Amino acid sequence: MAIELKKEHIDELLLEDIESDNHPSEFELGKDYAVLILRLPEMSDNGLQVISYAFVIKDGVSFRFNREVKELVPSGSLHDLYEFLDQKTDQMLKDIQRYHYEIEMLEESLYDGAFSSDFMQKWLAYKKDVSLIHRLMFHAGLAFEQFVNHHKRRDDFKDLAYADLFEHIGRIRDLAKAAMEKLDNLYDFYRAKVDERMNRNMYLLTIISAIFLPLTLVTGFFGMNTGGLPYTQTPDGTFKAVVVSLILEALFLAPFIFMNIKKVEKFHFKFKK
């Protein structure tokens, strides 16, 4: 005897949860049925999307809510429900592995020093997607665990099959968490590289300023429109002013040269040890 289930048989509050596209993953019990709502990540041509699946299980028969016709459609036995969800999780496992591969490629480009200017755009896109996957699979795992615990006493319930499916959900969640941690480490390394480059640029600007500061001081001093300036009446006054500029340059650059020599000596000492 075929089992029929209409929306009129569902509690009003549970029906609202079933019809909602944004309801989080959840497992609820009705009068003589159970409701399983799973929000799962799926890849499409437009990128990562979130699809909400709602199932009503009654007497070992599952009904999936069809959002196009807004009706409960029979989807088979509990084994058919397992096969449907197993297909979804297998595809998500492939997708999260692809995320890991792309993140590894991003990591290689960063370590090779050939990272492009769109590094942060890629990093933010990956971080957003894997964070969403982790969050969705975490809640889906909790709801699915309640579903398994409720139905595992049935004779037609395949314990090993659903245990494997639950393990896949947990693996996707763990892989997403591992991807998040790897992205965090990449961001720290990227910030270190950017800070190093900025420090090097500031160091070069400091050296350039040190070179031109004495020249600016000398030209400003001898360019004053006042009487009594030295070397104004001396035939070789320009030469003496240049000598003064070179002496000041040497005094300003001496500390930088000394520090660089110390760094080189320290590096060679560590290398020899």
# chains A, B, ... in the order shown; residues from 1 in each chain; ligands from 1
>>> select_by_dssp(residues="segment 40-169 of chain A", states="alpha helix (DSSP H)", output="JSON, numbers by chain")
{"A": [78, 79, 80, 81, 82, 83, 84, 85, 86, 87, 88, 89, 90, 91, 92, 93, 94, 95, 96, 97, 98, 99, 100, 101, 102, 103, 104, 105, 106, 107, 108, 109, 110, 111, 119, 120, 121, 122, 123, 124, 125, 126, 127, 128, 129, 130, 131, 132, 133, 134, 135, 136, 137, 138, 139, 140, 141, 142, 143, 144, 145, 146, 147, 148, 149, 150, 151, 159, 160, 161, 162, 163, 164, 165, 166, 167, 168, 169]}
>>> residues_around(residues="Gly76 of chain A", least_positions_apart="6", cutoff="8 Å", atoms="only C-alpha atoms", output="PyMOL selection string")
chain A and resi 61-63
>>> write_last_selection(atoms="all heavy atoms", output="compact mmCIF listing (two decimals), in the first residue's frame")
# COMPACT_ATOMS: atom_id res chain seq x y z
N VAL A 61 9.40 5.70 4.37
CA VAL A 61 9.31 6.30 3.04
C VAL A 61 9.67 7.78 3.16
O VAL A 61 9.19 8.48 4.06
CB VAL A 61 7.89 6.15 2.44
CG1 VAL A 61 7.82 6.82 1.07
CG2 VAL A 61 7.53 4.67 2.34
N SER A 62 10.51 8.25 2.25
CA SER A 62 10.94 9.65 2.28
C SER A 62 10.22 10.45 1.20
O SER A 62 9.97 9.96 0.09
CB SER A 62 12.46 9.75 2.07
OG SER A 62 12.82 9.28 0.78
N PHE A 63 9.90 11.67 1.55
CA PHE A 63 9.28 12.62 0.64
C PHE A 63 10.16 13.87 0.61
O PHE A 63 10.50 14.42 1.66
CB PHE A 63 7.87 13.00 1.10
CG PHE A 63 6.90 11.85 1.14
CD1 PHE A 63 6.88 10.97 2.22
CD2 PHE A 63 6.00 11.63 0.11
CE1 PHE A 63 5.99 9.91 2.27
CE2 PHE A 63 5.10 10.57 0.15
CZ PHE A 63 5.10 9.71 1.23
>>> closest_residue(among="A:Leu248, A:Asp129, A:Lys70, A:Tyr82", to="Val148 of chain A", atoms="only C-alpha atoms")
A:Tyr82
>>> closest_residue(among="A:Phe157, A:Phe252, A:Tyr187, A:Phe147", to="Leu124 of chain A", atoms="only C-alpha atoms")
A:Tyr187
>>> residues_around(residues="segment 38-47 of chain A", least_positions_apart="6", cutoff="12 Å", atoms="only C-alpha atoms", output="NGL selection string")
:A and (17-18 or 20-28 or 53-56 or 64-65 or 85 or 87-96 or 98-99 or 125-126 or 128-145 or 147 or 169 or 172-173 or 176)
>>> atom_distance(atom1="atom CA of Ala210 of chain A", atom2="atom CA of Lys240 of chain A")
20.7 Å
>>> residues_around(residues="Glu104 of chain A", least_positions_apart="6", cutoff="12 Å", atoms="only C-alpha atoms", output="ChimeraX atom specification")
/A:97-98,110-111,123,126,178-179,182-183,185-186
>>> closest_residue(among="A:Gly223, A:Pro255, A:Gly30, A:Pro235", to="Lys58 of chain A", atoms="only C-alpha atoms")
A:Gly30
>>> atom_distance(atom1="atom CA of Glu181 of chain A", atom2="atom CA of Phe119 of chain A")
16.8 Å
>>> atom_distance(atom1="atom CA of Ile37 of chain A", atom2="atom CA of Lys127 of chain A")
25.5 Å
